[in-house]
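Reviewing the structure listed below.
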Amino acid sequence: MFSLTPLGSGSKGNAVLLQSPRAKYLVDVGFSAKQMRIRLEALGISIHEIDAVFITHEHGDHVSGLKQLNKIWQGSVPIFANSETARAIFQRIQEPLPFSIFSTGVPFDLSGLDIFPFSIQHDAVDPVAFRFTLGEASIGICTDLGCVQSSIVEYLSGVNVLYTEANHDVKLVQASTRTQWYKNRVLGRLGHLSNHTCAQLLKSINHEYLEAVYFAHLSQECNSPDLLLNVMEEEVRPYNAQVKFYITTQESIGDQHTVWFQRDTSIPSNASATWQECSIS
């Protein structure tokens with residue numbers, strides 16, 4: 001089995017839990033250490049059971065818990081990021097962290113889990129999305145992007161579970177009381193995906209093994225679960241009657257979705273890693 005559980009998503013914090021038969025991982029830690037403890041313990045998981053952290057980009061709502069958590073872990077949990085993101089995080093917190101540096105666009109292996117970090121468009125130094133593959137199961141995590149490039153469609157094609165964003169309704173953004181700078185940012189190529197653009201992405205990668213889609217990073221002012229689901233039922237449901245839609249929220253833990261597969265996922269004796277451990281300063 002291979003599962004994904006959202007720990008919360010929104011402008012005030014983002015974190016995702018991945019679980020395999022052999023390990024537990026976090027993708028982003030945008031909540032305080034206290035909140036991370038509370039949310040993990042609600043799932044029956046100790047903060048000390050986490051084996052590694054993967055970082056998509058350096059914005060505070062994705063990394064604000066790193067400094068506190070690293071102290072709890074006493075530097076024993078590796079933090080996977082590309083070099084530009086790691087440097088930006090260090091500049092933010094002014095404290096060395098146990099970074100394991102990967103190269104964007106280069107796959108690597110961790111305890112039998114295949115990880116592929118790929119580039120996306122967002123207003124960060126070198127933002128990435130991830131495709132995680134374990135045996136025959138594949139999970140994509142792709143949020144905080146302003147547009148859908150053809151490469152993203154290629155990299156996400158065939159995933160069983162997709163955690164992506166449907167941040168806003170364009171008309172609601174335009175009619176909102178937000179500043180023009182905010183509107184230009186959110187609607188631009190380095191901002192966030194709209195409901196309809198997200199639907200176009202899903203139609204592009206739709207296939208019979210796509211089991212579940214999680215919608216993250218919903219704007220509280222410029223979107224709503226009902227509005228989003230109406231778009232998905234109209235534009236995506238006709239192409240996949242079985243796929244489950246999950247809404248993630250800022251306040252609470254989301255539903256877990258587990259992918260079951262048959263292939264042997266034991267770790268080969270000659271497994272090797274292709275990342276570089278270093279301290280950014």
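Residue numbering restarts at 1 for every chain of the structure tokens, chains are lettered A, B, ... in their displayed order, and ligands are numbered from 1 as they appear.
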Select from stretch 59-281 of chain A everything DSSP, run on the backbone, classes as alpha helix (DSSP H), then give the selection as a ChimeraX atom specification.
-> /A:60-63,66-73,83-93,150-156,170-175,180-187,195-205,225-235
Selection near stretch 29-37 of chain A, 9 Å with only C-alpha atoms, sequence-local residues under 4 positions removed, as a PyMOL selection string = chain A and resi 7-9+12-16+41-42+45-47+53-55+59-69+72
Take the selection from the previous step and output its residues with N, CA and C atoms, as a short mmCIF file (atom, residue, chain, number, x, y, z; two decimals), in the first residue's frame.
data_model
loop_
_atom_site.label_atom_id
_atom_site.label_comp_id
_atom_site.auth_asym_id
_atom_site.auth_seq_id
_atom_site.Cartn_x
_atom_site.Cartn_y
_atom_site.Cartn_z
N LEU A 7 -2.49 17.10 5.57
CA LEU A 7 -2.52 17.59 6.95
C LEU A 7 -3.12 18.99 7.02
N GLY A 8 -3.36 19.60 5.88
CA GLY A 8 -3.95 20.92 5.81
C GLY A 8 -3.38 21.69 4.64
N SER A 9 -4.20 22.58 4.07
CA SER A 9 -3.73 23.35 2.92
C SER A 9 -4.43 24.69 2.84
N LYS A 12 -2.19 29.80 4.99
CA LYS A 12 -1.57 29.85 6.31
C LYS A 12 -0.79 28.59 6.65
N GLY A 13 -0.75 27.63 5.75
CA GLY A 13 0.03 26.44 6.03
C GLY A 13 -0.32 25.28 5.12
N ASN A 14 0.71 24.51 4.73
CA ASN A 14 0.53 23.36 3.85
C ASN A 14 1.44 22.23 4.28
N ALA A 15 0.90 21.02 4.32
CA ALA A 15 1.69 19.84 4.63
C ALA A 15 0.93 18.60 4.17
N VAL A 16 1.66 17.61 3.68
CA VAL A 16 1.08 16.36 3.21
C VAL A 16 1.88 15.21 3.81
N GLU A 41 -0.51 13.29 15.45
CA GLU A 41 -1.00 12.45 16.56
C GLU A 41 -2.47 12.10 16.39
N ALA A 42 -3.22 12.99 15.71
CA ALA A 42 -4.63 12.67 15.42
C ALA A 42 -4.74 11.46 14.50
N ILE A 45 0.22 8.96 14.74
CA ILE A 45 1.61 8.99 14.30
C ILE A 45 2.40 9.97 15.16
N SER A 46 3.54 9.54 15.66
CA SER A 46 4.42 10.42 16.41
C SER A 46 5.26 11.25 15.46
N ILE A 47 5.59 12.46 15.85
CA ILE A 47 6.46 13.30 15.04
C ILE A 47 7.82 12.63 14.82
N VAL A 53 11.70 14.69 4.87
CA VAL A 53 10.83 15.79 4.45
C VAL A 53 11.24 16.20 3.04
N PHE A 54 10.24 16.45 2.19
CA PHE A 54 10.47 16.95 0.84
C PHE A 54 9.88 18.36 0.73
N ILE A 55 10.65 19.29 0.18
CA ILE A 55 10.23 20.69 0.09
C ILE A 55 10.00 21.09 -1.36
N HIS A 59 8.43 29.35 0.19
CA HIS A 59 7.43 30.25 0.77
C HIS A 59 7.04 29.79 2.17
N GLY A 60 6.74 30.77 3.04
CA GLY A 60 6.50 30.49 4.45
C GLY A 60 5.40 29.50 4.71
N ASP A 61 4.34 29.51 3.88
CA ASP A 61 3.24 28.59 4.13
C ASP A 61 3.58 27.15 3.76
N HIS A 62 4.84 26.93 3.35
CA HIS A 62 5.30 25.58 3.05
C HIS A 62 6.50 25.16 3.89
N VAL A 63 7.15 26.11 4.57
CA VAL A 63 8.38 25.75 5.29
C VAL A 63 8.46 26.33 6.71
N SER A 64 7.43 27.00 7.20
CA SER A 64 7.55 27.72 8.47
C SER A 64 7.81 26.81 9.67
N GLY A 65 7.52 25.53 9.56
CA GLY A 65 7.76 24.62 10.68
C GLY A 65 9.13 23.97 10.69
N LEU A 66 9.94 24.21 9.66
CA LEU A 66 11.20 23.48 9.52
C LEU A 66 12.16 23.70 10.70
N LYS A 67 12.35 24.93 11.09
CA LYS A 67 13.33 25.24 12.13
C LYS A 67 12.98 24.54 13.44
N GLN A 68 11.73 24.64 13.86
CA GLN A 68 11.31 24.01 15.12
C GLN A 68 11.38 22.49 15.03
N LEU A 69 10.93 21.96 13.90
CA LEU A 69 10.93 20.50 13.75
C LEU A 69 12.35 19.94 13.72
N ILE A 72 13.49 19.46 17.17
CA ILE A 72 12.86 18.28 17.77
C ILE A 72 13.55 17.01 17.29
#
One-decimal distance in Å that lies between atom CA of A:Ser176 and atom CA of A:Asn223 |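 Going from atom CA of A:Asn223 over to atom CA of A:Ser176 covers 10.7 Å.
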Write out as a PyMOL selection string each polymer residue whose atoms come within 10 Å of A:Leu97, counting only C-alpha atoms; drop sequence neighbours fewer than 3 positions from it.
-> chain A and resi 66-67+70-71+74-79+86+89-90+93-94+100+278-281
Selection above as a file: N, CA, C and O atoms, as a PDB file, in the first residue's frame:
ATOM      1  N   LEU A  66       9.941  24.212   9.664  1.00  0.00           N
ATOM      2  CA  LEU A  66      11.201  23.481   9.521  1.00  0.00           C
ATOM      3  C   LEU A  66      12.161  23.696  10.698  1.00  0.00           C
ATOM      4  O   LEU A  66      12.745  22.744  11.212  1.00  0.00           O
ATOM      5  N   LYS A  67      12.352  24.934  11.093  1.00  0.00           N
ATOM      6  CA  LYS A  67      13.334  25.238  12.132  1.00  0.00           C
ATOM      7  C   LYS A  67      12.984  24.539  13.438  1.00  0.00           C
ATOM      8  O   LYS A  67      13.838  23.882  14.068  1.00  0.00           O
ATOM      9  N   ASN A  70      13.254  20.655  13.082  1.00  0.00           N
ATOM     10  CA  ASN A  70      14.630  20.167  13.047  1.00  0.00           C
ATOM     11  C   ASN A  70      15.230  20.097  14.448  1.00  0.00           C
ATOM     12  O   ASN A  70      16.009  19.193  14.754  1.00  0.00           O
ATOM     13  N   LYS A  71      14.852  21.021  15.316  1.00  0.00           N
ATOM     14  CA  LYS A  71      15.326  20.967  16.699  1.00  0.00           C
ATOM     15  C   LYS A  71      14.754  19.748  17.420  1.00  0.00           C
ATOM     16  O   LYS A  71      15.453  19.075  18.182  1.00  0.00           O
ATOM     17  N   GLN A  74      16.559  16.868  16.181  1.00  0.00           N
ATOM     18  CA  GLN A  74      17.995  16.977  16.454  1.00  0.00           C
ATOM     19  C   GLN A  74      18.834  16.701  15.209  1.00  0.00           C
ATOM     20  O   GLN A  74      19.886  16.067  15.269  1.00  0.00           O
ATOM     21  N   GLY A  75      18.327  17.190  14.081  1.00  0.00           N
ATOM     22  CA  GLY A  75      19.073  17.084  12.832  1.00  0.00           C
ATOM     23  C   GLY A  75      19.104  15.709  12.205  1.00  0.00           C
ATOM     24  O   GLY A  75      19.853  15.478  11.251  1.00  0.00           O
ATOM     25  N   SER A  76      18.281  14.787  12.716  1.00  0.00           N
ATOM     26  CA  SER A  76      18.359  13.396  12.244  1.00  0.00           C
ATOM     27  C   SER A  76      17.467  13.097  11.038  1.00  0.00           C
ATOM     28  O   SER A  76      17.604  12.024  10.433  1.00  0.00           O
ATOM     29  N   VAL A  77      16.552  14.012  10.710  1.00  0.00           N
ATOM     30  CA  VAL A  77      15.633  13.771   9.592  1.00  0.00           C
ATOM     31  C   VAL A  77      16.092  14.580   8.384  1.00  0.00           C
ATOM     32  O   VAL A  77      16.155  15.818   8.450  1.00  0.00           O
ATOM     33  N   PRO A  78      16.429  13.929   7.274  1.00  0.00           N
ATOM     34  CA  PRO A  78      16.897  14.669   6.094  1.00  0.00           C
ATOM     35  C   PRO A  78      15.788  15.504   5.474  1.00  0.00           C
ATOM     36  O   PRO A  78      14.622  15.097   5.435  1.00  0.00           O
ATOM     37  N   ILE A  79      16.177  16.679   4.986  1.00  0.00           N
ATOM     38  CA  ILE A  79      15.252  17.597   4.334  1.00  0.00           C
ATOM     39  C   ILE A  79      15.672  17.701   2.877  1.00  0.00           C
ATOM     40  O   ILE A  79      16.739  18.235   2.559  1.00  0.00           O
ATOM     41  N   ALA A  86      17.034  25.437  -0.979  1.00  0.00           N
ATOM     42  CA  ALA A  86      17.738  25.294   0.300  1.00  0.00           C
ATOM     43  C   ALA A  86      18.425  26.597   0.701  1.00  0.00           C
ATOM     44  O   ALA A  86      18.365  27.011   1.867  1.00  0.00           O
ATOM     45  N   ILE A  89      15.824  29.065   1.912  1.00  0.00           N
ATOM     46  CA  ILE A  89      15.338  28.731   3.251  1.00  0.00           C
ATOM     47  C   ILE A  89      16.363  29.144   4.301  1.00  0.00           C
ATOM     48  O   ILE A  89      16.022  29.708   5.346  1.00  0.00           O
ATOM     49  N   PHE A  90      17.639  28.887   4.020  1.00  0.00           N
ATOM     50  CA  PHE A  90      18.676  29.288   4.967  1.00  0.00           C
ATOM     51  C   PHE A  90      18.678  30.800   5.165  1.00  0.00           C
ATOM     52  O   PHE A  90      18.791  31.305   6.290  1.00  0.00           O
ATOM     53  N   ILE A  93      15.764  31.614   7.590  1.00  0.00           N
ATOM     54  CA  ILE A  93      15.805  31.248   9.013  1.00  0.00           C
ATOM     55  C   ILE A  93      17.181  31.420   9.646  1.00  0.00           C
ATOM     56  O   ILE A  93      17.301  31.368  10.869  1.00  0.00           O
ATOM     57  N   GLN A  94      18.224  31.602   8.817  1.00  0.00           N
ATOM     58  CA  GLN A  94      19.580  31.841   9.320  1.00  0.00           C
ATOM     59  C   GLN A  94      20.044  30.743  10.278  1.00  0.00           C
ATOM     60  O   GLN A  94      20.626  31.003  11.328  1.00  0.00           O
ATOM     61  N   SER A 100      19.385  17.476   2.118  1.00  0.00           N
ATOM     62  CA  SER A 100      19.852  16.523   1.113  1.00  0.00           C
ATOM     63  C   SER A 100      19.448  17.125  -0.226  1.00  0.00           C
ATOM     64  O   SER A 100      18.257  17.268  -0.500  1.00  0.00           O
ATOM     65  N   CYS A 278      24.427  17.907   2.289  1.00  0.00           N
ATOM     66  CA  CYS A 278      25.290  19.048   2.547  1.00  0.00           C
ATOM     67  C   CYS A 278      24.589  20.006   3.487  1.00  0.00           C
ATOM     68  O   CYS A 278      23.395  19.892   3.738  1.00  0.00           O
ATOM     69  N   SER A 279      25.337  20.937   3.986  1.00  0.00           N
ATOM     70  CA  SER A 279      24.796  21.983   4.855  1.00  0.00           C
ATOM     71  C   SER A 279      24.878  23.291   4.090  1.00  0.00           C
ATOM     72  O   SER A 279      25.945  23.654   3.584  1.00  0.00           O
ATOM     73  N   ILE A 280      23.745  23.976   3.947  1.00  0.00           N
ATOM     74  CA  ILE A 280      23.714  25.230   3.205  1.00  0.00           C
ATOM     75  C   ILE A 280      24.017  26.381   4.146  1.00  0.00           C
ATOM     76  O   ILE A 280      23.397  26.530   5.198  1.00  0.00           O
ATOM     77  N   SER A 281      24.936  27.204   3.791  1.00  0.00           N
ATOM     78  CA  SER A 281      25.252  28.382   4.605  1.00  0.00           C
ATOM     79  C   SER A 281      25.776  29.501   3.716  1.00  0.00           C
ATOM     80  O   SER A 281      25.960  29.311   2.528  1.00  0.00           O
TER      81      SER A 281
END
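Proximity of A:Leu201, A:Ala175, A:Leu162, A:Leu26 to A:Glu235, computed with only C-alpha atoms, is greatest for A:Leu201.
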May I ask which of the residues A:Leu210, A:Ala129, A:Val106, A:Ala137 is the closest one to A:Ser157, counting only C-alpha atoms?
->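 The closest residue to A:Ser157 is A:Leu210.
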If we count only C-alpha atoms, what is near A:Val186 at a cut-off of 12 Å, once residues fewer than 3 positions away on the same chain are taken out, given as a PyMOL selection string?
-> chain A and resi 122-123+144-147+166-170+172-174+178-183+189-194+217-219+222
For atom CA of A:Ala212 and atom CA of A:Thr258, determine how far apart the two atoms are, in Å to one decimal place.
-> 9.4 Å
Between atom CA of A:Glu84 and atom CA of A:Val125, distance in Å (one decimal) =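 Separation of atom CA of A:Glu84 and atom CA of A:Val125: 6.3 Å.
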Could you pull out all residues of stretch 65-175 of chain A with a DSSP call of strand (DSSP E or B) and give them as a ChimeraX atom specification?
-> /A:79-82,99-102,108-110,113-119,128-134,137-142,161-165,168
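For the choices A:Val27, A:Ser103, A:Pro127, A:Ser204, the atom-to-atom distance to A:Val148 is smallest for A:Ser204 when using only C-alpha atoms.
Minimum atom-to-atom distances from A:Gln242, A:Ser111, A:Asn230, A:Asn160 to A:His257 were compared using only C-alpha atoms, and the lowest value belongs to A:Asn160.
Considering only C-alpha atoms, the residue among A:Met1, A:Leu43, A:Ile120, A:Ala241 positioned nearest to A:Asp255 is A:Leu43.
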